[in-house]
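Shown below: model_25.cif, with mmCIF, N, CA and C atoms.
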```
data_protein
#
loop_
_atom_site.label_atom_id
_atom_site.label_comp_id
_atom_site.auth_asym_id
_atom_site.auth_seq_id
_atom_site.Cartn_x
_atom_site.Cartn_y
_atom_site.Cartn_z
N GLN P 557 -14.86 -12.04 6.56
CA GLN P 557 -13.47 -12.18 6.94
C GLN P 557 -13.08 -11.10 7.95
N GLN P 558 -13.43 -9.85 7.68
CA GLN P 558 -13.09 -8.77 8.60
C GLN P 558 -13.72 -9.00 9.96
N LYS P 559 -14.95 -9.45 9.97
CA LYS P 559 -15.66 -9.69 11.23
C LYS P 559 -14.93 -10.76 12.05
N GLU P 560 -14.50 -11.82 11.38
CA GLU P 560 -13.79 -12.89 12.06
C GLU P 560 -12.47 -12.40 12.65
N VAL P 561 -11.74 -11.60 11.89
CA VAL P 561 -10.47 -11.05 12.36
C VAL P 561 -10.71 -10.17 13.58
N PHE P 562 -11.71 -9.30 13.48
CA PHE P 562 -12.04 -8.40 14.58
C PHE P 562 -12.37 -9.21 15.84
N GLU P 563 -13.21 -10.23 15.70
CA GLU P 563 -13.63 -11.02 16.85
C GLU P 563 -12.46 -11.79 17.47
N ARG P 564 -11.52 -12.26 16.64
CA ARG P 564 -10.34 -12.93 17.19
C ARG P 564 -9.47 -11.95 17.98
N MET P 565 -9.36 -10.72 17.48
CA MET P 565 -8.55 -9.72 18.15
C MET P 565 -9.21 -9.24 19.44
N ASP P 566 -10.54 -9.23 19.47
CA ASP P 566 -11.31 -8.75 20.62
C ASP P 566 -11.36 -9.85 21.69
N ARG P 567 -10.25 -10.03 22.37
CA ARG P 567 -10.08 -11.15 23.30
C ARG P 567 -11.07 -11.11 24.47
N ASP P 568 -11.46 -9.94 24.91
CA ASP P 568 -12.40 -9.87 26.04
C ASP P 568 -13.87 -9.82 25.57
N GLN P 569 -14.08 -9.93 24.25
CA GLN P 569 -15.43 -9.95 23.67
C GLN P 569 -16.27 -8.73 24.04
N SER P 570 -15.62 -7.58 24.16
CA SER P 570 -16.31 -6.35 24.55
C SER P 570 -16.97 -5.65 23.37
N GLY P 571 -16.60 -6.05 22.16
CA GLY P 571 -17.10 -5.34 20.98
C GLY P 571 -16.20 -4.19 20.58
N TYR P 572 -15.09 -4.04 21.29
CA TYR P 572 -14.12 -2.98 21.03
C TYR P 572 -12.71 -3.55 21.12
N LEU P 573 -11.80 -2.94 20.40
CA LEU P 573 -10.39 -3.28 20.54
C LEU P 573 -9.71 -2.16 21.31
N ASP P 574 -9.12 -2.51 22.43
CA ASP P 574 -8.37 -1.51 23.17
C ASP P 574 -6.91 -1.58 22.75
N ARG P 575 -6.11 -0.70 23.29
CA ARG P 575 -4.69 -0.63 22.90
C ARG P 575 -3.96 -1.95 23.18
N LYS P 576 -4.28 -2.58 24.31
CA LYS P 576 -3.62 -3.84 24.67
C LYS P 576 -3.93 -4.93 23.64
N GLU P 577 -5.20 -5.04 23.26
CA GLU P 577 -5.59 -6.06 22.27
C GLU P 577 -4.92 -5.81 20.92
N MET P 578 -4.85 -4.55 20.53
CA MET P 578 -4.17 -4.21 19.26
C MET P 578 -2.69 -4.55 19.35
N ASN P 579 -2.06 -4.22 20.47
CA ASN P 579 -0.64 -4.53 20.64
C ASN P 579 -0.39 -6.03 20.55
N GLN P 580 -1.24 -6.81 21.18
CA GLN P 580 -1.09 -8.26 21.14
C GLN P 580 -1.23 -8.78 19.70
N ALA P 581 -2.18 -8.25 18.98
CA ALA P 581 -2.43 -8.73 17.62
C ALA P 581 -1.34 -8.31 16.63
N LEU P 582 -0.72 -7.18 16.88
CA LEU P 582 0.23 -6.63 15.91
C LEU P 582 1.69 -6.76 16.32
N SER P 583 1.95 -7.32 17.49
CA SER P 583 3.31 -7.30 18.03
C SER P 583 4.32 -8.08 17.19
N GLN P 584 3.89 -9.08 16.47
CA GLN P 584 4.82 -9.87 15.66
C GLN P 584 5.30 -9.13 14.41
N ARG P 585 4.49 -8.20 13.92
CA ARG P 585 4.81 -7.56 12.64
C ARG P 585 5.28 -6.12 12.75
N TYR P 586 4.95 -5.45 13.84
CA TYR P 586 5.19 -4.02 13.92
C TYR P 586 5.90 -3.64 15.21
N SER P 587 6.68 -2.58 15.13
CA SER P 587 7.35 -2.05 16.32
C SER P 587 6.31 -1.37 17.20
N ALA P 588 6.71 -1.07 18.43
CA ALA P 588 5.81 -0.38 19.36
C ALA P 588 5.36 0.96 18.80
N GLN P 589 6.27 1.68 18.18
CA GLN P 589 5.93 2.98 17.59
C GLN P 589 4.95 2.81 16.43
N GLN P 590 5.16 1.81 15.60
CA GLN P 590 4.24 1.56 14.49
C GLN P 590 2.86 1.15 15.00
N ARG P 591 2.83 0.30 16.03
CA ARG P 591 1.55 -0.13 16.61
C ARG P 591 0.79 1.05 17.18
N ASP P 592 1.50 1.94 17.83
CA ASP P 592 0.87 3.14 18.39
C ASP P 592 0.26 3.99 17.28
N GLN P 593 0.97 4.15 16.19
CA GLN P 593 0.46 4.95 15.07
C GLN P 593 -0.75 4.29 14.41
N ILE P 594 -0.68 2.98 14.25
CA ILE P 594 -1.81 2.24 13.67
C ILE P 594 -3.05 2.43 14.54
N PHE P 595 -2.88 2.31 15.85
CA PHE P 595 -4.01 2.48 16.76
C PHE P 595 -4.59 3.89 16.63
N LYS P 596 -3.73 4.89 16.64
CA LYS P 596 -4.20 6.28 16.51
C LYS P 596 -4.93 6.49 15.20
N ASP P 597 -4.42 5.92 14.12
CA ASP P 597 -5.04 6.08 12.81
C ASP P 597 -6.41 5.40 12.74
N MET P 598 -6.56 4.28 13.43
CA MET P 598 -7.81 3.53 13.37
C MET P 598 -8.86 4.07 14.34
N ASP P 599 -8.44 4.72 15.42
CA ASP P 599 -9.37 5.25 16.42
C ASP P 599 -9.91 6.59 15.92
N LEU P 600 -10.82 6.51 14.96
CA LEU P 600 -11.29 7.70 14.25
C LEU P 600 -11.98 8.71 15.15
N ASN P 601 -12.75 8.23 16.14
CA ASN P 601 -13.47 9.17 17.01
C ASN P 601 -12.68 9.50 18.28
N ARG P 602 -11.45 8.99 18.36
CA ARG P 602 -10.52 9.31 19.45
C ARG P 602 -11.07 9.01 20.84
N ASP P 603 -11.82 7.89 20.95
CA ASP P 603 -12.36 7.53 22.26
C ASP P 603 -11.50 6.49 22.99
N GLY P 604 -10.37 6.14 22.43
CA GLY P 604 -9.45 5.22 23.09
C GLY P 604 -9.70 3.75 22.81
N VAL P 605 -10.71 3.44 22.02
CA VAL P 605 -10.97 2.07 21.59
C VAL P 605 -11.37 2.08 20.12
N ILE P 606 -11.27 0.92 19.50
CA ILE P 606 -11.64 0.79 18.09
C ILE P 606 -12.86 -0.12 18.01
N ASP P 607 -13.96 0.43 17.52
CA ASP P 607 -15.15 -0.40 17.35
C ASP P 607 -15.11 -1.03 15.95
N PHE P 608 -16.08 -1.89 15.67
CA PHE P 608 -16.06 -2.61 14.41
C PHE P 608 -16.17 -1.67 13.22
N LYS P 609 -16.97 -0.61 13.35
CA LYS P 609 -17.10 0.34 12.24
C LYS P 609 -15.76 1.00 11.93
N GLU P 610 -15.04 1.40 12.94
CA GLU P 610 -13.72 1.99 12.73
C GLU P 610 -12.78 0.96 12.10
N PHE P 611 -12.88 -0.27 12.56
CA PHE P 611 -12.07 -1.36 12.02
C PHE P 611 -12.39 -1.55 10.54
N GLN P 612 -13.67 -1.54 10.19
CA GLN P 612 -14.09 -1.68 8.80
C GLN P 612 -13.53 -0.55 7.95
N GLN P 613 -13.61 0.66 8.46
CA GLN P 613 -13.20 1.82 7.69
C GLN P 613 -11.70 1.86 7.46
N ALA P 614 -10.96 1.09 8.22
CA ALA P 614 -9.51 1.04 8.03
C ALA P 614 -9.14 0.15 6.86
N TRP P 615 -10.13 -0.45 6.23
CA TRP P 615 -9.86 -1.30 5.08
C TRP P 615 -9.16 -0.52 3.98
N THR P 616 -8.15 -1.11 3.43
CA THR P 616 -7.45 -0.54 2.28
C THR P 616 -8.16 -0.94 1.00
N VAL P 617 -7.71 -0.37 -0.10
CA VAL P 617 -8.25 -0.74 -1.41
C VAL P 617 -8.03 -2.25 -1.64
N SER P 618 -6.87 -2.75 -1.25
CA SER P 618 -6.58 -4.18 -1.41
C SER P 618 -7.55 -5.04 -0.60
N ASP P 619 -7.87 -4.60 0.61
CA ASP P 619 -8.83 -5.33 1.43
C ASP P 619 -10.20 -5.38 0.75
N VAL P 620 -10.61 -4.27 0.18
CA VAL P 620 -11.90 -4.21 -0.51
C VAL P 620 -11.88 -5.15 -1.72
N MET P 621 -10.77 -5.17 -2.43
CA MET P 621 -10.66 -6.07 -3.58
C MET P 621 -10.79 -7.53 -3.13
N GLY P 622 -10.16 -7.88 -2.02
CA GLY P 622 -10.28 -9.24 -1.49
C GLY P 622 -11.71 -9.56 -1.09
N TRP P 623 -12.38 -8.58 -0.49
CA TRP P 623 -13.78 -8.76 -0.10
C TRP P 623 -14.65 -9.01 -1.32
N LEU P 624 -14.41 -8.27 -2.40
CA LEU P 624 -15.18 -8.48 -3.63
C LEU P 624 -15.02 -9.91 -4.14
N HIS P 625 -13.80 -10.40 -4.11
CA HIS P 625 -13.56 -11.78 -4.55
C HIS P 625 -14.32 -12.76 -3.68
N GLN P 626 -14.33 -12.54 -2.37
CA GLN P 626 -15.05 -13.43 -1.46
C GLN P 626 -16.55 -13.42 -1.71
N GLN P 627 -17.05 -12.30 -2.19
CA GLN P 627 -18.48 -12.18 -2.46
C GLN P 627 -18.85 -12.71 -3.84
N GLY P 628 -17.86 -13.21 -4.58
CA GLY P 628 -18.10 -13.69 -5.94
C GLY P 628 -18.21 -12.55 -6.94
N LEU P 629 -17.67 -11.39 -6.59
CA LEU P 629 -17.76 -10.20 -7.44
C LEU P 629 -16.37 -9.70 -7.84
N GLY P 630 -15.42 -10.63 -7.88
CA GLY P 630 -14.04 -10.27 -8.19
C GLY P 630 -13.84 -9.63 -9.54
N GLU P 631 -14.78 -9.83 -10.44
CA GLU P 631 -14.66 -9.22 -11.77
C GLU P 631 -14.63 -7.68 -11.70
N TYR P 632 -15.06 -7.13 -10.56
CA TYR P 632 -15.08 -5.67 -10.41
C TYR P 632 -13.92 -5.14 -9.57
N ALA P 633 -13.04 -6.02 -9.14
CA ALA P 633 -11.91 -5.60 -8.29
C ALA P 633 -11.07 -4.53 -8.98
N TYR P 634 -10.81 -4.70 -10.26
CA TYR P 634 -10.01 -3.72 -10.99
C TYR P 634 -10.69 -2.35 -10.96
N ASN P 635 -12.00 -2.32 -11.20
CA ASN P 635 -12.75 -1.06 -11.20
C ASN P 635 -12.63 -0.36 -9.84
N PHE P 636 -12.72 -1.14 -8.78
CA PHE P 636 -12.62 -0.57 -7.44
C PHE P 636 -11.20 -0.05 -7.18
N ARG P 637 -10.21 -0.80 -7.66
CA ARG P 637 -8.82 -0.38 -7.44
C ARG P 637 -8.50 0.92 -8.16
N VAL P 638 -8.86 1.02 -9.43
CA VAL P 638 -8.50 2.24 -10.17
C VAL P 638 -9.30 3.45 -9.71
N ASN P 639 -10.38 3.21 -8.96
CA ASN P 639 -11.18 4.30 -8.42
C ASN P 639 -10.95 4.52 -6.93
N ASP P 640 -9.90 3.88 -6.39
CA ASP P 640 -9.49 4.07 -5.00
C ASP P 640 -10.60 3.83 -3.99
N VAL P 641 -11.35 2.75 -4.19
CA VAL P 641 -12.43 2.41 -3.26
C VAL P 641 -11.84 1.65 -2.08
N ASP P 642 -11.68 2.37 -0.96
CA ASP P 642 -11.23 1.74 0.28
C ASP P 642 -12.45 1.50 1.17
N GLY P 643 -12.22 1.13 2.41
CA GLY P 643 -13.33 0.85 3.31
C GLY P 643 -14.26 2.03 3.54
N ASN P 644 -13.69 3.21 3.66
CA ASN P 644 -14.52 4.41 3.86
C ASN P 644 -15.43 4.64 2.67
N VAL P 645 -14.88 4.54 1.48
CA VAL P 645 -15.66 4.77 0.26
C VAL P 645 -16.70 3.66 0.09
N LEU P 646 -16.29 2.42 0.33
CA LEU P 646 -17.20 1.29 0.17
C LEU P 646 -18.48 1.47 0.98
N LEU P 647 -18.34 1.94 2.21
CA LEU P 647 -19.50 2.08 3.08
C LEU P 647 -20.46 3.17 2.63
N GLU P 648 -19.99 4.05 1.76
CA GLU P 648 -20.82 5.17 1.30
C GLU P 648 -21.26 5.04 -0.16
N LEU P 649 -20.91 3.94 -0.83
CA LEU P 649 -21.23 3.79 -2.25
C LEU P 649 -22.73 3.82 -2.50
N THR P 650 -23.09 4.43 -3.62
CA THR P 650 -24.48 4.45 -4.08
C THR P 650 -24.58 3.70 -5.39
N ASN P 651 -25.78 3.43 -5.81
CA ASN P 651 -26.02 2.79 -7.10
C ASN P 651 -25.36 3.60 -8.23
N GLU P 652 -25.49 4.91 -8.15
CA GLU P 652 -24.91 5.78 -9.17
C GLU P 652 -23.38 5.70 -9.16
N ASP P 653 -22.79 5.66 -7.98
CA ASP P 653 -21.33 5.51 -7.89
C ASP P 653 -20.88 4.24 -8.58
N LEU P 654 -21.58 3.16 -8.31
CA LEU P 654 -21.20 1.88 -8.91
C LEU P 654 -21.29 1.94 -10.43
N ALA P 655 -22.34 2.57 -10.93
CA ALA P 655 -22.47 2.73 -12.38
C ALA P 655 -21.32 3.57 -12.92
N ASP P 656 -20.96 4.63 -12.19
CA ASP P 656 -19.87 5.52 -12.62
C ASP P 656 -18.53 4.81 -12.70
N ILE P 657 -18.31 3.83 -11.82
CA ILE P 657 -17.01 3.15 -11.84
C ILE P 657 -17.02 1.92 -12.75
N GLY P 658 -18.12 1.71 -13.44
CA GLY P 658 -18.13 0.67 -14.46
C GLY P 658 -18.85 -0.62 -14.13
N VAL P 659 -19.63 -0.62 -13.06
CA VAL P 659 -20.45 -1.80 -12.76
C VAL P 659 -21.75 -1.59 -13.52
N ARG P 660 -21.80 -2.14 -14.72
CA ARG P 660 -22.92 -1.87 -15.63
C ARG P 660 -24.19 -2.65 -15.28
N SER P 661 -24.03 -3.84 -14.79
CA SER P 661 -25.17 -4.71 -14.49
C SER P 661 -25.93 -4.20 -13.27
N VAL P 662 -27.23 -3.97 -13.47
CA VAL P 662 -28.08 -3.54 -12.36
C VAL P 662 -28.08 -4.62 -11.27
N GLY P 663 -28.14 -5.88 -11.68
CA GLY P 663 -28.15 -6.98 -10.72
C GLY P 663 -26.88 -7.02 -9.88
N LYS P 664 -25.74 -6.78 -10.51
CA LYS P 664 -24.46 -6.79 -9.79
C LYS P 664 -24.36 -5.59 -8.86
N ARG P 665 -24.85 -4.42 -9.31
CA ARG P 665 -24.85 -3.25 -8.43
C ARG P 665 -25.70 -3.53 -7.20
N LYS P 666 -26.87 -4.13 -7.40
CA LYS P 666 -27.73 -4.46 -6.26
C LYS P 666 -27.05 -5.46 -5.34
N ALA P 667 -26.36 -6.44 -5.92
CA ALA P 667 -25.67 -7.45 -5.11
C ALA P 667 -24.59 -6.80 -4.25
N ILE P 668 -23.82 -5.90 -4.83
CA ILE P 668 -22.77 -5.21 -4.07
C ILE P 668 -23.38 -4.39 -2.95
N LEU P 669 -24.42 -3.62 -3.28
CA LEU P 669 -25.06 -2.78 -2.26
C LEU P 669 -25.69 -3.62 -1.15
N GLU P 670 -26.27 -4.77 -1.50
CA GLU P 670 -26.85 -5.65 -0.49
C GLU P 670 -25.77 -6.19 0.44
N GLN P 671 -24.62 -6.56 -0.11
CA GLN P 671 -23.53 -7.07 0.72
C GLN P 671 -22.99 -5.97 1.65
N VAL P 672 -22.91 -4.75 1.14
CA VAL P 672 -22.44 -3.64 1.99
C VAL P 672 -23.45 -3.40 3.11
N GLU P 673 -24.73 -3.42 2.79
CA GLU P 673 -25.76 -3.23 3.82
C GLU P 673 -25.73 -4.36 4.85
N LYS P 674 -25.51 -5.58 4.39
CA LYS P 674 -25.40 -6.72 5.31
C LYS P 674 -24.23 -6.50 6.26
N TRP P 675 -23.14 -6.04 5.72
CA TRP P 675 -21.94 -5.76 6.51
C TRP P 675 -22.23 -4.70 7.56
N LYS P 676 -22.91 -3.62 7.14
CA LYS P 676 -23.25 -2.55 8.08
C LYS P 676 -24.19 -3.06 9.17
N SER P 677 -25.16 -3.89 8.81
CA SER P 677 -26.12 -4.38 9.80
C SER P 677 -25.45 -5.33 10.78
N GLU P 678 -24.44 -6.09 10.34
CA GLU P 678 -23.68 -6.94 11.26
C GLU P 678 -23.00 -6.07 12.30
N ASP P 679 -22.50 -4.91 11.88
CA ASP P 679 -21.86 -3.98 12.81
C ASP P 679 -22.87 -3.46 13.82
N ARG P 680 -24.06 -3.08 13.36
CA ARG P 680 -25.09 -2.58 14.28
C ARG P 680 -25.51 -3.67 15.26
N GLY P 681 -25.63 -4.90 14.78
CA GLY P 681 -26.01 -6.01 15.64
C GLY P 681 -24.96 -6.25 16.72
N LYS P 682 -23.70 -6.15 16.35
CA LYS P 682 -22.60 -6.33 17.31
C LYS P 682 -22.65 -5.24 18.38
N ALA P 683 -22.92 -4.01 17.94
CA ALA P 683 -22.99 -2.89 18.89
C ALA P 683 -24.17 -3.07 19.86
N GLN P 684 -25.31 -3.55 19.34
CA GLN P 684 -26.46 -3.75 20.21
C GLN P 684 -26.22 -4.89 21.19
N ASP P 685 -25.53 -5.94 20.74
CA ASP P 685 -25.23 -7.07 21.62
C ASP P 685 -24.29 -6.64 22.74
N ALA P 686 -23.38 -5.72 22.44
CA ALA P 686 -22.41 -5.26 23.44
C ALA P 686 -23.05 -4.33 24.47
N ALA P 687 -24.17 -3.70 24.10
CA ALA P 687 -24.82 -2.72 24.98
C ALA P 687 -25.58 -3.38 26.11
#
```

What is this file in structure tokens?
Amino acid sequence: QQKEVFERMDRDQSGYLDRKEMNQALSQRYSAQQRDQIFKDMDLNRDGVIDFKEFQQAWTVSDVMGWLHQQGLGEYAYNFRVNDVDGNVLLELTNEDLADIGVRSVGKRKAILEQVEKWKSEDRGKAQDAA
């Protein structure tokens, strides 16, 4: 879902969202000042564009919960919510972290980690295609 949203926003298919693309995507919901702040908050490396990794990391806890449901792992959404697992945390989760937050099944922990790795590799593939 995040990938699809990013690609729709990336109107010039550059693999990056510039300020103009973000303004176009957010203009219906946010004021110019709010859009500017959102862009600044998402541009983590301050290079003036938002790549897919930065876009992923802007995921909120609610976004992560929605992603879990899409992956058929919604039973763990509560665990992720009470442990404040946002996009930044999700990308760094380990098997031990998952066990600590209550994902007891080894199979489910592996499934979550595989989906996160798939997500990361999609980002690397997008970056290589853009190069």

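Here CA of Val672 (chain P) is placed at a distance of 21.7 Å from CA of Asn601 (chain P).
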
### Message
I need the alpha helix (DSSP H) residues of chain P per DSSP on the backbone, written as a PyMOL selection string.
### Response
chain P and resi 558-565+575-582+588-598+608-613+617-626+633-638+643-648+651-656+662-686

### Query
If the PyMOL selection byres (((chain P and resi 637 and name CA) around 10) and name CA) is run on the structure shown, which residues does it catch, given as a ChimeraX atom specification?
/P:616-618,620-621,632-636,638-642,657

### Task
For the file shown, report as a PyMOL selection string the outcome of the PyMOL selection byres ((chain P and resi 610) around 8) at residue level.
chain P and resi 597-601+605-609+611-615

#### Entry: CA of Glu648 (chain P) to atom C of Tyr572 (chain P), distance in Å rounded to a single decimal
23.1 Å

#### Entry: Per-residue DSSP, chain P, filtered to strand (DSSP E or B), as a ChimeraX atom specification
/P:572-573,606-607

### Query
How many Å separate atom N of Glu577 (chain P) from atom N of Val561 (chain P)?
14.7 Å

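All residues of protein, DNA or RNA that reach within 12 Å of Asp592 (chain P), judged by only C-alpha atoms and not counting those fewer than 2 positions away in the chain, are Asp574, Arg575, Lys576, Glu577, Met578, Asn579, Gln580, Leu582, Ser583, Tyr586, Ser587, Ala588, Gln589, Gln590, Ile594, Phe595, Lys596, Asp597, Met598, Asp599 and Gly604 of chain P.
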
Keeping only N, CA and C atoms, write those residues as a PDB file, in the frame of the given file.
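New file selection15.pdb:
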```
ATOM      1  N   ASP P 574      -9.120  -2.510  22.430  1.00  0.00           N
ATOM      2  CA  ASP P 574      -8.370  -1.510  23.170  1.00  0.00           C
ATOM      3  C   ASP P 574      -6.910  -1.580  22.750  1.00  0.00           C
ATOM      4  N   ARG P 575      -6.110  -0.700  23.290  1.00  0.00           N
ATOM      5  CA  ARG P 575      -4.690  -0.630  22.900  1.00  0.00           C
ATOM      6  C   ARG P 575      -3.960  -1.950  23.180  1.00  0.00           C
ATOM      7  N   LYS P 576      -4.280  -2.580  24.310  1.00  0.00           N
ATOM      8  CA  LYS P 576      -3.620  -3.840  24.670  1.00  0.00           C
ATOM      9  C   LYS P 576      -3.930  -4.930  23.640  1.00  0.00           C
ATOM     10  N   GLU P 577      -5.200  -5.040  23.260  1.00  0.00           N
ATOM     11  CA  GLU P 577      -5.590  -6.060  22.270  1.00  0.00           C
ATOM     12  C   GLU P 577      -4.920  -5.810  20.920  1.00  0.00           C
ATOM     13  N   MET P 578      -4.850  -4.550  20.530  1.00  0.00           N
ATOM     14  CA  MET P 578      -4.170  -4.210  19.260  1.00  0.00           C
ATOM     15  C   MET P 578      -2.690  -4.550  19.350  1.00  0.00           C
ATOM     16  N   ASN P 579      -2.060  -4.220  20.470  1.00  0.00           N
ATOM     17  CA  ASN P 579      -0.640  -4.530  20.640  1.00  0.00           C
ATOM     18  C   ASN P 579      -0.390  -6.030  20.550  1.00  0.00           C
ATOM     19  N   GLN P 580      -1.240  -6.810  21.180  1.00  0.00           N
ATOM     20  CA  GLN P 580      -1.090  -8.260  21.140  1.00  0.00           C
ATOM     21  C   GLN P 580      -1.230  -8.780  19.700  1.00  0.00           C
ATOM     22  N   LEU P 582      -0.720  -7.180  16.880  1.00  0.00           N
ATOM     23  CA  LEU P 582       0.230  -6.630  15.910  1.00  0.00           C
ATOM     24  C   LEU P 582       1.690  -6.760  16.320  1.00  0.00           C
ATOM     25  N   SER P 583       1.950  -7.320  17.490  1.00  0.00           N
ATOM     26  CA  SER P 583       3.310  -7.300  18.030  1.00  0.00           C
ATOM     27  C   SER P 583       4.320  -8.080  17.190  1.00  0.00           C
ATOM     28  N   TYR P 586       4.950  -5.450  13.840  1.00  0.00           N
ATOM     29  CA  TYR P 586       5.190  -4.020  13.920  1.00  0.00           C
ATOM     30  C   TYR P 586       5.900  -3.640  15.210  1.00  0.00           C
ATOM     31  N   SER P 587       6.680  -2.580  15.130  1.00  0.00           N
ATOM     32  CA  SER P 587       7.350  -2.050  16.320  1.00  0.00           C
ATOM     33  C   SER P 587       6.310  -1.370  17.200  1.00  0.00           C
ATOM     34  N   ALA P 588       6.710  -1.070  18.430  1.00  0.00           N
ATOM     35  CA  ALA P 588       5.810  -0.380  19.360  1.00  0.00           C
ATOM     36  C   ALA P 588       5.360   0.960  18.800  1.00  0.00           C
ATOM     37  N   GLN P 589       6.270   1.680  18.180  1.00  0.00           N
ATOM     38  CA  GLN P 589       5.930   2.980  17.590  1.00  0.00           C
ATOM     39  C   GLN P 589       4.950   2.810  16.430  1.00  0.00           C
ATOM     40  N   GLN P 590       5.160   1.810  15.600  1.00  0.00           N
ATOM     41  CA  GLN P 590       4.240   1.560  14.490  1.00  0.00           C
ATOM     42  C   GLN P 590       2.860   1.150  15.000  1.00  0.00           C
ATOM     43  N   ILE P 594      -0.680   2.980  14.250  1.00  0.00           N
ATOM     44  CA  ILE P 594      -1.810   2.240  13.670  1.00  0.00           C
ATOM     45  C   ILE P 594      -3.050   2.430  14.540  1.00  0.00           C
ATOM     46  N   PHE P 595      -2.880   2.310  15.850  1.00  0.00           N
ATOM     47  CA  PHE P 595      -4.010   2.480  16.760  1.00  0.00           C
ATOM     48  C   PHE P 595      -4.590   3.890  16.630  1.00  0.00           C
ATOM     49  N   LYS P 596      -3.730   4.890  16.640  1.00  0.00           N
ATOM     50  CA  LYS P 596      -4.200   6.280  16.510  1.00  0.00           C
ATOM     51  C   LYS P 596      -4.930   6.490  15.200  1.00  0.00           C
ATOM     52  N   ASP P 597      -4.420   5.920  14.120  1.00  0.00           N
ATOM     53  CA  ASP P 597      -5.040   6.080  12.810  1.00  0.00           C
ATOM     54  C   ASP P 597      -6.410   5.400  12.740  1.00  0.00           C
ATOM     55  N   MET P 598      -6.560   4.280  13.430  1.00  0.00           N
ATOM     56  CA  MET P 598      -7.810   3.530  13.370  1.00  0.00           C
ATOM     57  C   MET P 598      -8.860   4.070  14.340  1.00  0.00           C
ATOM     58  N   ASP P 599      -8.440   4.720  15.420  1.00  0.00           N
ATOM     59  CA  ASP P 599      -9.370   5.250  16.420  1.00  0.00           C
ATOM     60  C   ASP P 599      -9.910   6.590  15.920  1.00  0.00           C
ATOM     61  N   GLY P 604     -10.370   6.140  22.430  1.00  0.00           N
ATOM     62  CA  GLY P 604      -9.450   5.220  23.090  1.00  0.00           C
ATOM     63  C   GLY P 604      -9.700   3.750  22.810  1.00  0.00           C
TER      64      GLY P 604
END
```

### Query
Any chance you could work out the residue set of the PyMOL selection byres ((chain P and resi 664-669) around 8) here, as a list of chain:residue names?
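Evaluating the PyMOL selection byres ((chain P and resi 664-669) around 8) on this file yields P:Leu629, P:Leu649, P:Thr650, P:Asn651, P:Leu654, P:Ala655, P:Val659, P:Arg660, P:Ser661, P:Val662, P:Gly663, P:Glu670, P:Gln671, P:Val672, P:Glu673, P:Lys674, P:Trp675.
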
Could you work out an axis-aligned box for region 599-618 of chain P, taking every atom the file lists and adding 4 Å on each side, and report centre and edge lengths in Å to one decimal, as JSON?
```
{"center_x": -11.8, "center_y": 2.2, "center_z": 10.7, "size_x": 18.5, "size_y": 22.5, "size_z": 32.7}
```
